[in-house]
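structure.txt (compact mmCIF, C-alpha atoms)
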```txt
# COMPACT_ATOMS: atom_id res chain seq x y z
CA MET A 1 12.01 137.49 128.90
CA ALA A 2 10.84 134.69 131.07
CA GLU A 3 7.39 135.57 132.27
CA PRO A 4 6.00 134.41 135.62
CA MET A 5 4.23 131.09 135.89
CA LYS A 6 0.74 130.64 137.17
CA ILE A 7 0.76 127.99 139.86
CA ARG A 8 -2.17 126.76 141.90
CA ALA A 9 -1.86 124.23 144.69
CA THR A 10 -5.00 123.14 146.49
CA LEU A 11 -5.26 120.55 149.21
CA GLN A 12 -7.56 117.58 148.67
CA GLY A 13 -7.44 115.27 151.66
CA ASP A 14 -3.71 114.93 152.32
CA THR A 15 -2.76 115.38 148.67
CA ALA A 16 -2.00 118.70 147.05
CA ASP A 17 -3.29 119.08 143.52
CA VAL A 18 -0.73 121.26 141.75
CA ARG A 19 -1.44 122.92 138.42
CA ILE A 20 1.24 124.92 136.66
CA LEU A 21 0.92 127.10 133.59
CA MET A 22 4.20 128.30 132.12
CA ARG A 23 4.74 130.97 129.49
CA HIS A 24 7.07 129.73 126.80
CA PRO A 25 6.97 129.64 122.97
CA MET A 26 8.13 125.98 122.79
CA GLU A 27 9.44 126.32 119.23
CA THR A 28 9.98 122.98 117.48
CA GLY A 29 12.74 124.26 115.22
CA THR A 30 10.73 123.38 112.12
CA ARG A 31 8.22 126.24 112.00
CA LYS A 32 8.86 128.65 109.13
CA THR A 33 8.03 132.33 108.96
CA ALA A 34 8.75 134.95 106.28
CA SER A 35 12.18 135.54 107.82
CA GLY A 36 13.19 131.86 107.83
CA VAL A 37 13.01 128.92 110.21
CA VAL A 38 12.31 129.75 113.86
CA PRO A 39 15.11 128.16 115.88
CA LEU A 40 14.52 125.38 118.39
CA HIS A 41 13.54 126.91 121.72
CA PHE A 42 11.84 124.76 124.36
CA ILE A 43 11.77 123.92 128.05
CA GLN A 44 13.99 120.92 128.69
CA SER A 45 13.64 120.43 132.38
CA VAL A 46 11.06 121.17 135.06
CA VAL A 47 11.71 120.49 138.73
CA VAL A 48 8.90 120.67 141.29
CA GLN A 49 9.79 120.85 144.96
CA HIS A 50 7.64 120.43 148.05
CA ASN A 51 9.15 122.24 151.05
CA GLY A 52 12.56 122.11 149.35
CA LYS A 53 12.36 118.39 148.52
CA THR A 54 12.13 117.40 144.85
CA VAL A 55 8.92 115.51 144.09
CA LEU A 56 8.92 115.63 140.29
CA ASP A 57 11.81 115.96 137.87
CA ALA A 58 10.51 116.24 134.32
CA GLN A 59 12.43 116.14 131.07
CA TRP A 60 10.61 117.53 128.08
CA SER A 61 11.01 117.60 124.33
CA GLN A 62 9.82 120.22 121.88
CA ALA A 63 6.60 118.20 121.50
CA ILE A 64 5.09 119.80 124.59
CA SER A 65 2.55 122.46 123.62
CA ARG A 66 3.22 126.19 123.62
CA ASP A 67 2.61 127.79 127.03
CA PRO A 68 2.96 124.41 128.73
CA PHE A 69 0.62 123.02 131.35
CA LEU A 70 1.76 120.59 134.00
CA GLY A 71 -0.43 118.93 136.58
CA LEU A 72 0.75 116.71 139.42
CA ARG A 73 -0.23 115.52 142.88
CA VAL A 74 1.93 115.77 145.98
CA LYS A 75 1.28 113.36 148.84
CA GLY A 76 1.49 114.32 152.51
CA ALA A 77 0.97 118.02 151.94
CA LYS A 78 -0.51 120.51 154.40
CA VAL A 79 -1.97 123.98 154.06
CA GLY A 80 0.87 126.52 153.98
CA ASP A 81 3.44 124.09 152.52
CA LYS A 82 5.70 125.57 149.88
CA ILE A 83 5.57 124.32 146.29
CA SER A 84 8.30 125.70 144.05
CA VAL A 85 8.70 125.13 140.33
CA THR A 86 11.85 125.73 138.26
CA TRP A 87 12.10 125.33 134.51
CA THR A 88 15.19 125.49 132.34
CA ASP A 89 15.09 125.78 128.56
CA ASN A 90 17.56 124.76 125.87
CA THR A 91 19.08 128.26 125.76
CA GLY A 92 19.86 128.12 129.50
CA ASP A 93 17.06 130.51 130.42
CA LYS A 94 15.41 129.70 133.76
CA ARG A 95 12.55 130.77 135.93
CA THR A 96 11.52 129.79 139.45
CA ASP A 97 8.19 130.55 141.08
CA GLU A 98 6.77 129.52 144.43
CA VAL A 99 3.31 129.23 145.95
CA THR A 100 1.88 127.95 149.22
CA VAL A 101 -0.67 125.17 149.35
CA ALA A 102 -4.20 126.51 149.84
CA ALA A 103 -7.09 124.72 151.52
CA GLY A 104 -9.34 122.94 149.06
CA SER A 105 -13.09 123.34 148.97
CA MET B 1 59.60 111.27 134.06
CA LYS B 2 57.94 114.35 132.68
CA GLN B 3 55.40 112.21 130.93
CA LEU B 4 54.56 110.43 134.17
CA ARG B 5 54.17 113.69 136.02
CA ARG B 6 51.82 114.97 133.33
CA ASN B 7 49.71 111.85 133.56
CA PHE B 8 49.60 112.14 137.30
CA LEU B 9 48.43 115.74 137.11
CA LYS B 10 45.78 114.80 134.60
CA LEU B 11 44.54 111.98 136.79
CA SER B 12 44.46 113.99 139.99
CA GLY B 13 42.81 116.92 138.23
CA GLY B 14 40.16 114.60 136.86
CA ALA B 15 39.53 113.07 140.26
CA GLY B 16 39.18 116.54 141.78
CA ALA B 17 36.58 117.52 139.21
CA VAL B 18 34.59 114.37 139.90
CA ALA B 19 34.68 115.03 143.64
CA ALA B 20 33.57 118.62 143.10
CA ALA B 21 30.72 117.46 140.92
CA ALA B 22 29.62 114.95 143.54
CA GLY B 23 29.71 117.70 146.15
CA LEU B 24 27.57 119.92 144.01
CA LEU B 25 25.02 117.20 143.50
CA LYS B 26 24.61 116.79 147.23
CA ALA B 27 24.54 120.51 147.95
CA GLY B 28 22.16 121.60 145.20
CA SER B 29 18.72 120.28 146.05
CA ALA B 30 17.20 121.65 142.84
CA TRP B 31 19.46 119.45 140.74
CA ALA B 32 17.72 118.12 137.65
CA ALA B 33 18.48 114.83 135.91
CA PRO B 34 20.59 115.31 132.77
CA TRP B 35 18.49 115.60 129.64
CA ASN B 36 18.34 112.21 127.98
CA LYS B 37 19.66 113.34 124.57
CA ASN B 38 19.70 109.87 123.00
CA ALA B 39 16.10 109.18 123.88
CA PHE B 40 14.75 112.61 122.95
CA GLU B 41 16.57 112.85 119.61
CA SER B 42 15.72 109.36 118.49
CA LYS B 43 13.12 108.90 115.77
CA VAL B 44 12.46 105.22 116.35
CA VAL B 45 10.27 104.08 119.23
CA ALA B 46 12.34 100.93 119.82
CA ASP B 47 15.51 103.03 120.21
CA ILE B 48 13.77 105.29 122.71
CA GLN B 49 12.76 102.32 124.78
CA LYS B 50 16.36 101.15 124.73
CA SER B 51 17.62 104.59 125.77
CA LEU B 52 15.17 104.63 128.65
CA GLY B 53 16.34 101.17 129.64
CA ALA B 54 12.83 99.84 129.07
CA THR B 55 13.44 96.53 127.31
CA ASN B 56 10.89 94.15 128.79
CA LEU B 57 7.60 95.95 128.70
CA ILE B 58 4.67 94.50 130.60
CA ASP B 59 1.16 95.53 129.51
CA SER B 60 -0.63 96.89 132.51
CA LYS B 61 -4.24 97.77 133.23
CA ASP B 62 -3.14 99.87 136.19
CA ILE B 63 -1.99 102.63 133.87
CA THR B 64 -4.69 104.99 132.65
CA ILE B 65 -4.09 107.41 129.79
CA THR B 66 -6.67 110.16 129.96
CA ALA B 67 -6.91 111.93 126.62
CA PRO B 68 -9.56 112.71 124.04
CA ASP B 69 -10.28 109.99 121.44
CA ILE B 70 -10.31 112.71 118.81
CA ALA B 71 -8.16 115.80 119.21
CA GLU B 72 -9.36 118.62 117.02
CA ASN B 73 -6.20 120.65 117.37
CA GLY B 74 -2.98 118.69 117.11
CA ALA B 75 -1.07 121.59 118.68
CA ILE B 76 -2.76 121.10 122.04
CA VAL B 77 -3.60 117.53 122.98
CA PRO B 78 -4.24 117.19 126.73
CA ILE B 79 -2.79 113.94 128.04
CA ALA B 80 -2.83 112.72 131.62
CA VAL B 81 -1.23 109.48 132.79
CA THR B 82 -2.24 107.85 136.05
CA SER B 83 -0.31 104.89 137.35
CA LYS B 84 -1.77 102.85 140.19
CA ILE B 85 1.32 100.65 140.31
CA PRO B 86 3.01 101.02 143.72
CA ASN B 87 6.40 102.76 143.78
CA THR B 88 5.99 104.41 140.41
CA GLN B 89 9.39 105.96 139.67
CA SER B 90 8.95 107.46 136.25
CA ILE B 91 6.38 108.03 133.53
CA ALA B 92 7.32 108.59 129.88
CA ILE B 93 4.89 109.76 127.20
CA ILE B 94 5.56 108.72 123.60
CA ALA B 95 3.52 109.87 120.59
CA GLU B 96 4.59 107.11 118.24
CA LYS B 97 4.23 108.93 114.92
CA ASN B 98 5.71 112.28 115.93
CA PRO B 99 9.03 113.19 114.23
CA PHE B 100 10.66 112.84 117.65
CA PRO B 101 8.31 110.44 119.40
CA LEU B 102 9.40 110.91 123.02
CA ALA B 103 7.42 113.92 124.29
CA ALA B 104 8.25 113.87 127.96
CA SER B 105 9.71 111.82 130.74
CA PHE B 106 8.77 112.46 134.36
CA ASP B 107 10.84 111.20 137.29
CA ILE B 108 8.64 110.90 140.32
CA MET B 109 10.33 111.03 143.71
CA ALA B 110 9.00 109.87 147.06
CA GLY B 111 6.13 112.23 147.91
CA GLY B 112 4.87 112.51 144.36
CA GLU B 113 1.86 110.52 143.21
CA GLY B 114 1.85 108.38 140.05
CA TYR B 115 0.01 111.04 138.10
CA VAL B 116 1.07 113.65 135.57
CA SER B 117 -0.97 115.77 133.24
CA THR B 118 0.27 117.93 130.39
CA ARG B 119 -0.48 119.04 126.84
CA VAL B 120 1.49 117.81 123.86
CA LYS B 121 1.72 118.52 120.15
CA MET B 122 0.86 115.71 117.75
CA GLY B 123 1.58 115.78 114.04
CA GLN B 124 -0.96 113.14 113.08
CA THR B 125 -3.25 110.40 114.32
CA SER B 126 -1.10 108.05 116.34
CA ASN B 127 -0.83 105.69 119.24
CA VAL B 128 0.26 107.36 122.44
CA ARG B 129 2.22 105.09 124.69
CA ALA B 130 2.92 105.55 128.37
CA ILE B 131 5.88 103.74 129.87
CA VAL B 132 5.89 103.48 133.64
CA LYS B 133 8.87 102.38 135.67
CA ALA B 134 8.04 100.93 139.05
CA ASP B 135 10.37 98.92 141.29
CA GLY B 136 12.82 98.61 138.41
CA LYS B 137 10.25 97.00 136.08
CA PHE B 138 8.67 98.66 133.07
CA TYR B 139 4.95 98.69 132.39
CA THR B 140 3.13 100.12 129.42
CA ALA B 141 -0.26 101.16 128.10
CA VAL B 142 -1.37 102.51 124.72
CA LYS B 143 -4.19 104.74 123.56
CA GLU B 144 -4.93 105.86 120.02
CA ILE B 145 -5.63 109.54 119.57
CA LYS B 146 -7.12 110.71 116.30
CA VAL B 147 -5.90 114.11 115.23
CA THR B 148 -8.05 116.10 112.84
CA VAL B 149 -6.12 118.78 111.04
CA GLY B 150 -7.95 121.18 108.76
CA GLY B 151 -11.26 119.49 109.44
CA CYS B 152 -10.68 116.21 107.56
CA GLY B 153 -11.35 113.12 109.57
```
Could the structure of this file be written out as C-alpha cells, please?
Amino acid sequence: MAEPMKIRATLQGDTADVRILMRHPMETGTRKTASGVVPLHFIQSVVVQHNGKTVLDAQWSQAISRDPFLGLRVKGAKVGDKISVTWTDNTGDKRTDEVTVAAGS
Amino acid sequence: MKQLRRNFLKLSGGAGAVAAAAGLLKAGSAWAAPWNKNAFESKVVADIQKSLGATNLIDSKDITITAPDIAENGAIVPIAVTSKIPNTQSIAIIAEKNPFPLAASFDIMAGGEGYVSTRVKMGQTSNVRAIVKADGKFYTAVKEIKVTVGGCG
C-alpha cells in the first residue's frame, strides 16, 4: 500500500540538504473516471526529524502534486546523523523512512 | 445529589483525559500539529489568512519564491520558498485562484532553515503567495505563475 520514500540527505557545510520523494496518488476528490469520482486521498501531514528532534512539521492540502516532493535544509547536521520522515494521509495511512546524512561533494 | 455526583464524574473524567493527552504530547516526539481544517477548507484567501492568524501582513523582500514564470503543466508546479528573516517559524504557500487556495503550511522548528521546496497543482494562472511567520509577525511575498493548459497561452 504505502510504498517506500526516496530520501537523500547530503551535507553542505554544516547544513544537510534533504530531498524527499514520496509515493502517493494525492487525489483531489474531483477527478472523474468511468467508474465515478475518485475519492479524496492525500497526505495531510509530514514530519521530518533530525536525530529524533522535529525540524519540520508540514501540513498539506490536496493541492500538492502526485508523488510529492519535499526539499528542506537542516542546520547543524553532521555526517551519519539520522533524518527520519513520517507522512500521514487523510485515511490514516502512514509511512516512516529513515536515512543517514551523507558527505556532500 | 445524584446530579451533582454525575457532574463531578464528568468533570474529573474530562480532566483525566486532558492530562493524558498532555502526557502523550510530551512522550511522543513525532507528534504533528493538528491539521488546520478551517484554513485548508476555506475558499477565500482572506479567510485563510485569518485562520492562520496572519492579519497584519508586511511585504518583505527577504522572502524569495523560486518558481517558473510559466508552468507548462499545472499538475506539477515546482515552488520553493526561501525566507532570510531570522527566526522563521512557519511558511505557508497559497495559490490564490485554486479551488482551495492554501496548498501547504510548514512549521519550522529550531534546527530547520527558512527554506522549503515542493511541487503543487495549480488550476489556472494565479498569484502564488508565501506567508512567513517570524518572531510572531507575518511577512508576505507574491509571484505570478502563468499556467498553460492544453497549449493556449
Which protein, DNA or RNA residues are at most 9 Å from (11.6, 98.7, 135.2) in the file's coordinates when you count all atoms listed in the file, listed as a list of chain:residue names?
B:Gly53, B:Ala54, B:Thr55, B:Asn56, B:Leu57, B:Gln89, B:Val132, B:Lys133, B:Ala134, B:Asp135, B:Gly136, B:Lys137, B:Phe138, B:Tyr139
Can you spit out the residues from that selection as a PDB file, in the frame of the given file, using C-alpha atoms?
```
ATOM      1  CA  GLY B  53      16.340 101.170 129.640  1.00  0.00           C
ATOM      2  CA  ALA B  54      12.830  99.840 129.070  1.00  0.00           C
ATOM      3  CA  THR B  55      13.440  96.530 127.310  1.00  0.00           C
ATOM      4  CA  ASN B  56      10.890  94.150 128.790  1.00  0.00           C
ATOM      5  CA  LEU B  57       7.600  95.950 128.700  1.00  0.00           C
ATOM      6  CA  GLN B  89       9.390 105.960 139.670  1.00  0.00           C
ATOM      7  CA  VAL B 132       5.890 103.480 133.640  1.00  0.00           C
ATOM      8  CA  LYS B 133       8.870 102.380 135.670  1.00  0.00           C
ATOM      9  CA  ALA B 134       8.040 100.930 139.050  1.00  0.00           C
ATOM     10  CA  ASP B 135      10.370  98.920 141.290  1.00  0.00           C
ATOM     11  CA  GLY B 136      12.820  98.610 138.410  1.00  0.00           C
ATOM     12  CA  LYS B 137      10.250  97.000 136.080  1.00  0.00           C
ATOM     13  CA  PHE B 138       8.670  98.660 133.070  1.00  0.00           C
ATOM     14  CA  TYR B 139       4.950  98.690 132.390  1.00  0.00           C
TER      15      TYR B 139
END
```
Nearest residue to Thr15 (chain A) from the set B:Lys43, B:Gly111, B:Glu72, B:Pro78 (distances using only C-alpha atoms) =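 Between B:Lys43, B:Gly111, B:Glu72, B:Pro78, the residue approaching Thr15 (chain A) most closely is B:Gly111.
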Hey, what's within 9 Å of Arg8 (chain A) if we count all atoms listed in the file and toss same-chain stuff fewer than 5 positions away? As a list in words, please?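 Final neighbour list, sorted by chain and number: Asp17, Val18, Arg19, Ile20, Leu21, Val99, Thr100, Val101 and Ala102 of chain A.
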### Task
Write out as a ChimeraX atom specification every residue belonging to chain B that has an atom at most 9 Å from any atom of chain A, counting all atoms listed in the file.
/B:29-36,40-41,75-78,80,95,98,100-122
(message) Would you compute the distance between CA of Ala71 (chain B) and CA of Pro4 (chain A)? Give it in Å to one decimal.
(response)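 For CA of Ala71 (chain B) relative to CA of Pro4 (chain A), the distance reads 28.6 Å.
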Report, in Å with one decimal, the straight-line distance from CA of Thr96 (chain A) to CA of Asn51 (chain A).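 Computed distance, CA of Thr96 (chain A) to CA of Asn51 (chain A), equals 14.0 Å.
Of the listed residues A:Glu98, A:Ile83, A:Ile43, A:Ile7, the one whose atoms come nearest to His24 (chain A) is A:Ile43, with distances taken using all atoms listed in the file.
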query = Quick one: distance from CA of Glu27 (chain A) to CA of Leu40 (chain A) in Å, one decimal?
reply =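 CA of Leu40 (chain A) lies at a distance of 5.2 Å from CA of Glu27 (chain A).
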One residue among B:Lys50, B:Lys146, B:Lys97, B:Lys84 is nearest to Arg129 (chain B) when using all atoms listed in the file, and that residue is B:Lys97
**Report entry** Among listed residues B:Val45, B:Ala130, B:Ala39, B:Ile145, nearest Ile65 (chain B) (using all atoms listed in the file)
**Finding:**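 With all atoms listed in the file as the atom set, the closest residue is B:Ala130.
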Of B:Asn73, B:Thr82, B:Ile131, B:Thr88, the one nearest to Leu52 (chain B) when counting only C-alpha atoms is B:Ile131
My structure is short of atoms at region 58-74 of chain A; please model N, CA and C atoms there, returning them as a JSON list (two decimals), in the frame of the given file.
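Dumped everything to rebuild13.json:
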```
[["chain", "number", "residue", "atom", "x", "y", "z"],
["A", 58, "ALA", "N", 11.01, 116.54, 135.65],
["A", 58, "ALA", "CA", 10.51, 116.24, 134.32],
["A", 58, "ALA", "C", 11.52, 116.63, 133.27],
["A", 59, "GLN", "N", 11.63, 115.80, 132.24],
["A", 59, "GLN", "CA", 12.43, 116.14, 131.07],
["A", 59, "GLN", "C", 11.48, 116.23, 129.89],
["A", 60, "TRP", "N", 11.55, 117.30, 129.17],
["A", 60, "TRP", "CA", 10.61, 117.53, 128.08],
["A", 60, "TRP", "C", 11.31, 117.61, 126.75],
["A", 61, "SER", "N", 10.52, 117.36, 125.68],
["A", 61, "SER", "CA", 11.01, 117.60, 124.33],
["A", 61, "SER", "C", 10.22, 118.78, 123.76],
["A", 62, "GLN", "N", 10.51, 119.11, 122.52],
["A", 62, "GLN", "CA", 9.82, 120.22, 121.88],
["A", 62, "GLN", "C", 8.37, 119.86, 121.56],
["A", 63, "ALA", "N", 7.96, 118.61, 121.81],
["A", 63, "ALA", "CA", 6.60, 118.20, 121.50],
["A", 63, "ALA", "C", 5.59, 118.66, 122.54],
["A", 64, "ILE", "N", 6.03, 119.25, 123.63],
["A", 64, "ILE", "CA", 5.09, 119.80, 124.59],
["A", 64, "ILE", "C", 4.52, 121.10, 124.02],
["A", 65, "SER", "N", 3.22, 121.31, 124.24],
["A", 65, "SER", "CA", 2.55, 122.46, 123.62],
["A", 65, "SER", "C", 3.09, 123.79, 124.10],
["A", 66, "ARG", "N", 2.86, 124.82, 123.29],
["A", 66, "ARG", "CA", 3.22, 126.19, 123.62],
["A", 66, "ARG", "C", 2.49, 126.62, 124.90],
["A", 67, "ASP", "N", 3.10, 127.42, 125.71],
["A", 67, "ASP", "CA", 2.61, 127.79, 127.03],
["A", 67, "ASP", "C", 2.21, 126.54, 127.82],
["A", 68, "PRO", "N", 3.22, 125.76, 128.21],
["A", 68, "PRO", "CA", 2.96, 124.41, 128.73],
["A", 68, "PRO", "C", 2.15, 124.37, 130.02],
["A", 69, "PHE", "N", 1.36, 123.32, 130.12],
["A", 69, "PHE", "CA", 0.62, 123.02, 131.35],
["A", 69, "PHE", "C", 1.22, 121.77, 131.97],
["A", 70, "LEU", "N", 1.31, 121.78, 133.29],
["A", 70, "LEU", "CA", 1.76, 120.59, 134.00],
["A", 70, "LEU", "C", 0.90, 120.42, 135.24],
["A", 71, "GLY", "N", 0.35, 119.23, 135.38],
["A", 71, "GLY", "CA", -0.43, 118.93, 136.58],
["A", 71, "GLY", "C", 0.19, 117.76, 137.31],
["A", 72, "LEU", "N", 0.22, 117.83, 138.64],
["A", 72, "LEU", "CA", 0.75, 116.71, 139.42],
["A", 72, "LEU", "C", 0.09, 116.70, 140.78],
["A", 73, "ARG", "N", 0.32, 115.62, 141.53],
["A", 73, "ARG", "CA", -0.23, 115.52, 142.88],
["A", 73, "ARG", "C", 0.89, 115.23, 143.85],
["A", 74, "VAL", "N", 0.89, 115.94, 144.96],
["A", 74, "VAL", "CA", 1.93, 115.77, 145.98],
["A", 74, "VAL", "C", 1.29, 115.18, 147.23]]
```
